[in-house]
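**Student:** Please see the structure below; I have some questions.
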Amino acid sequence: MTPETQKRIFRVVLVFLALSAAAGLLFWLRPPCLILETTGYYCGACGVTRMVEELLEGHVWAAFRQNPYLFVVLPLAAVYLAGEVVCYVRGKRPLWKRKWMVIVFGLVLVVGTVFALLRNLPGFEALGPF
């Protein structure tokens, strides 16, 4: 293992620890959703804290009901980030610079926007957190 590879692995571990600490702090503090408080509408991430709580208790269906979109997207994002880490550590071209990833990112953004809009419309109450 080269010294450059060791440095890259060390940086990845530091970023992972920092992000884990930030996520833990947010989970512990449980700040209110500013969009919901100011507008009365659910944002695309409303229900994520409760989703994580439900998952930690082993209630998969209840977790899915809190935020179906992010229930599916967050594990896929974790796989994507793992791929980026592998590319970074090996010194390869990042995934986000590939043409097909632009299409994937665009699709995720469009579907997320549609989800955020639909969950606030009458008739789509099932998409909102419970």
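Scheme for the structure tokens: letters A, B, ... for chains in order shown; per-chain residue numbers from 1; ligand numbers from 1 in order shown.
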Within 12 Å of segment 77-94 of chain A, counting only C-alpha atoms, which residues show up once you throw out same-chain ones fewer than 5 positions away? Write them as JSON, numbers by chain, please.

**Tutor:** {"A": [1, 2, 3, 4, 5, 6, 7, 8, 9, 10, 11, 12, 13, 15, 16, 69, 70, 71, 72, 99, 101, 104, 105, 108]}

**Student:** Looking at A:Gly106, A:Pro31, A:Gly47, A:Gly112, which one is nearest to Phe64 of chain A, with distances taken over only C-alpha atoms?

**Tutor:**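 Ranked by minimum distance to Phe64 of chain A, first place goes to A:Gly47.
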
**Student:** Give the answer as one residue: which of A:Cys33, A:Cys43, A:Leu17, A:Thr38 has the shortest atom-to-atom distance to Leu118 of chain A, using only C-alpha atoms?

**Tutor:**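 Among the listed residues, A:Cys43 lies closest to Leu118 of chain A.
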
**Student:** Which parts of segment 62-95 of chain A does DSSP call alpha helix (DSSP H) when run on the backbone here, written out as a list of chain:residue names?

**Tutor:** A:Ala62, A:Ala63, A:Phe64, A:Arg65, A:Gln66, A:Pro68, A:Tyr69, A:Leu70, A:Phe71, A:Val72, A:Val73, A:Leu74, A:Pro75, A:Leu76, A:Ala77, A:Ala78, A:Val79, A:Tyr80, A:Leu81, A:Ala82, A:Gly83, A:Glu84, A:Val85, A:Val86, A:Cys87, A:Tyr88, A:Val89, A:Arg90

**Student:** Restrict the selected residues to C-alpha atoms and save them as a PDB file, in the first residue's frame.

**Tutor:**
```pdb
ATOM      1  CA  ALA A  62     -43.479   1.727   9.551  1.00  0.00           C
ATOM      2  CA  ALA A  63     -40.110   3.166   8.496  1.00  0.00           C
ATOM      3  CA  PHE A  64     -41.131   2.944   4.845  1.00  0.00           C
ATOM      4  CA  ARG A  65     -44.391   4.754   5.617  1.00  0.00           C
ATOM      5  CA  GLN A  66     -42.549   7.716   7.167  1.00  0.00           C
ATOM      6  CA  PRO A  68     -41.001   6.070   1.088  1.00  0.00           C
ATOM      7  CA  TYR A  69     -38.759   8.040  -1.256  1.00  0.00           C
ATOM      8  CA  LEU A  70     -35.800   8.415   1.083  1.00  0.00           C
ATOM      9  CA  PHE A  71     -36.338   4.879   2.407  1.00  0.00           C
ATOM     10  CA  VAL A  72     -35.324   3.726  -1.077  1.00  0.00           C
ATOM     11  CA  VAL A  73     -32.885   6.497  -2.042  1.00  0.00           C
ATOM     12  CA  LEU A  74     -30.707   6.623   1.093  1.00  0.00           C
ATOM     13  CA  PRO A  75     -29.427   3.023   0.803  1.00  0.00           C
ATOM     14  CA  LEU A  76     -28.748   3.621  -2.898  1.00  0.00           C
ATOM     15  CA  ALA A  77     -26.881   6.809  -1.982  1.00  0.00           C
ATOM     16  CA  ALA A  78     -24.791   4.804   0.486  1.00  0.00           C
ATOM     17  CA  VAL A  79     -23.871   2.341  -2.275  1.00  0.00           C
ATOM     18  CA  TYR A  80     -22.996   5.240  -4.567  1.00  0.00           C
ATOM     19  CA  LEU A  81     -20.809   6.845  -1.877  1.00  0.00           C
ATOM     20  CA  ALA A  82     -19.056   3.522  -1.281  1.00  0.00           C
ATOM     21  CA  GLY A  83     -18.285   3.439  -5.012  1.00  0.00           C
ATOM     22  CA  GLU A  84     -16.929   6.983  -4.851  1.00  0.00           C
ATOM     23  CA  VAL A  85     -14.738   6.015  -1.888  1.00  0.00           C
ATOM     24  CA  VAL A  86     -13.318   3.054  -3.820  1.00  0.00           C
ATOM     25  CA  CYS A  87     -12.597   5.296  -6.825  1.00  0.00           C
ATOM     26  CA  TYR A  88     -10.967   7.912  -4.578  1.00  0.00           C
ATOM     27  CA  VAL A  89      -8.795   5.455  -2.661  1.00  0.00           C
ATOM     28  CA  ARG A  90      -7.635   3.799  -5.890  1.00  0.00           C
TER      29      ARG A  90
END
```

**Student:** How many Å lie between atom CA of Arg50 of chain A and atom CA of Ser20 of chain A, rounded to one decimal?

**Tutor:** 17.6 Å
